[in-house]
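Engineer: Here it is, the structure in full.
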Amino acid sequence: MGNIIGAIILGVIAIACFIFSYLQFQEKGFLFNNAYIYASKQERETMDKKPHYKQSGIVFVFIGIIFLINAIDTILQTGWLNFFVIGIAVIAIVYAIVSSLIIEKRKK
């Protein structure tokens, strides 16, 4: 019973991440991006937000996939699905770093 509840919670979090991702791709709502959050008010007004929204949308897709795989693994109790989670997490981190560098390079 506990596994089912855990899987449902993980599934709900995955759906929430996919919804946040959709909103980021549509450039609606708050921009969940460090470059935007830590920017001053003046920088926020002049900032091109489109690449930051795209970056946040892609990262939220990765996070949603991670939670979805964890939900599936909680039900199936395979153990080997954790390797996919680790792989996707590494890809998400590398993407976030590389895309941030590319965005900064294009800004200059």
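Chain labels A, B, ... are given in the sequence in which chains occur in the structure tokens; within each chain residues are numbered consecutively from 1, and ligands are likewise numbered from 1 in the order shown.
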Fewer than 2 positions away in the same chain doesn't count, so skip those; otherwise give me all residues within 12 Å of Leu81 (chain A), counting only C-alpha atoms, as a CSV table (one decimal) with C-alpha atoms, in the first residue's frame.
Structural biologist:
chain,number,residue,atom,x,y,z
A,65,ILE,CA,10.9,12.3,-16.6
A,66,ILE,CA,13.1,11.6,-13.5
A,67,PHE,CA,10.0,11.6,-11.2
A,68,LEU,CA,8.0,9.6,-13.7
A,69,ILE,CA,10.6,6.9,-13.9
A,70,ASN,CA,10.9,6.9,-10.1
A,71,ALA,CA,7.1,6.4,-9.8
A,72,ILE,CA,7.3,3.5,-12.2
A,73,ASP,CA,10.2,2.0,-10.3
A,74,THR,CA,8.4,2.4,-7.1
A,75,ILE,CA,5.5,0.2,-8.5
A,76,LEU,CA,7.7,-2.3,-10.3
A,77,GLN,CA,10.5,-2.4,-7.8
A,78,THR,CA,13.1,-3.2,-10.5
A,79,GLY,CA,16.1,-1.4,-9.2
A,83,PHE,CA,20.5,3.8,-13.8
A,84,PHE,CA,18.2,5.6,-16.2
A,85,VAL,CA,17.4,8.2,-13.5
A,86,ILE,CA,21.1,8.8,-12.9
A,87,GLY,CA,21.7,9.1,-16.6
A,88,ILE,CA,18.9,11.6,-17.2
Engineer: Applying 8 Å and only C-alpha atoms, which residues near region 15-26 of chain A remain after dropping the ones on its own chain fewer than 3 positions away? List them as a list in words.
Structural biologist: Gly11, Val12, Gly29, Leu31, Tyr53, Lys54, Ser56, Gly57, Ile58, Val59, Phe60, Val61, Ile63 and Gly64 of chain A
Engineer: Compare A:Phe32, A:Ile91, A:Asn3, A:Arg106 by their minimum atom-to-atom distance to Asp48 (chain A), counting only C-alpha atoms, and give me the closest one.
Structural biologist: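 That would be A:Arg106, the residue with the smallest distance to Asp48 (chain A).
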Engineer: Taking only region 35-80 of chain A into account, list the residues labelled helix (DSSP H, G or I) by DSSP (computed from the backbone), as number ranges by chain.
Structural biologist: A: 35-37, 41-46, 50-76
Engineer: Please dump the current selection as a short mmCIF file (atom, residue, chain, number, x, y, z; two decimals), in the first residue's frame; keep C-alpha atoms.
Structural biologist:
data_model
loop_
_atom_site.label_atom_id
_atom_site.label_comp_id
_atom_site.auth_asym_id
_atom_site.auth_seq_id
_atom_site.Cartn_x
_atom_site.Cartn_y
_atom_site.Cartn_z
CA ALA A 35 19.84 34.20 -14.46
CA TYR A 36 16.46 35.88 -14.15
CA ILE A 37 16.00 35.40 -10.42
CA LYS A 41 15.23 44.89 -11.74
CA GLN A 42 16.88 46.90 -14.54
CA GLU A 43 18.48 43.80 -16.05
CA ARG A 44 15.16 41.94 -15.97
CA GLU A 45 13.50 44.66 -18.05
CA THR A 46 16.14 44.55 -20.80
CA LYS A 50 13.10 33.61 -24.56
CA PRO A 51 16.27 31.45 -24.25
CA HIS A 52 15.89 31.33 -20.47
CA TYR A 53 12.27 30.17 -20.76
CA LYS A 54 13.34 27.49 -23.24
CA GLN A 55 16.16 26.33 -20.97
CA SER A 56 13.85 26.12 -17.96
CA GLY A 57 11.23 24.26 -19.98
CA ILE A 58 13.72 21.61 -21.09
CA VAL A 59 15.10 21.18 -17.57
CA PHE A 60 11.57 20.75 -16.18
CA VAL A 61 10.93 18.05 -18.81
CA PHE A 62 14.04 16.23 -17.58
CA ILE A 63 12.93 16.58 -13.96
CA GLY A 64 9.44 15.35 -14.83
CA ILE A 65 10.90 12.30 -16.59
CA ILE A 66 13.06 11.57 -13.54
CA PHE A 67 10.03 11.64 -11.22
CA LEU A 68 7.96 9.57 -13.66
CA ILE A 69 10.65 6.87 -13.87
CA ASN A 70 10.92 6.88 -10.08
CA ALA A 71 7.14 6.41 -9.85
CA ILE A 72 7.31 3.47 -12.24
CA ASP A 73 10.25 2.00 -10.34
CA THR A 74 8.36 2.36 -7.06
CA ILE A 75 5.54 0.22 -8.46
CA LEU A 76 7.68 -2.33 -10.32
#
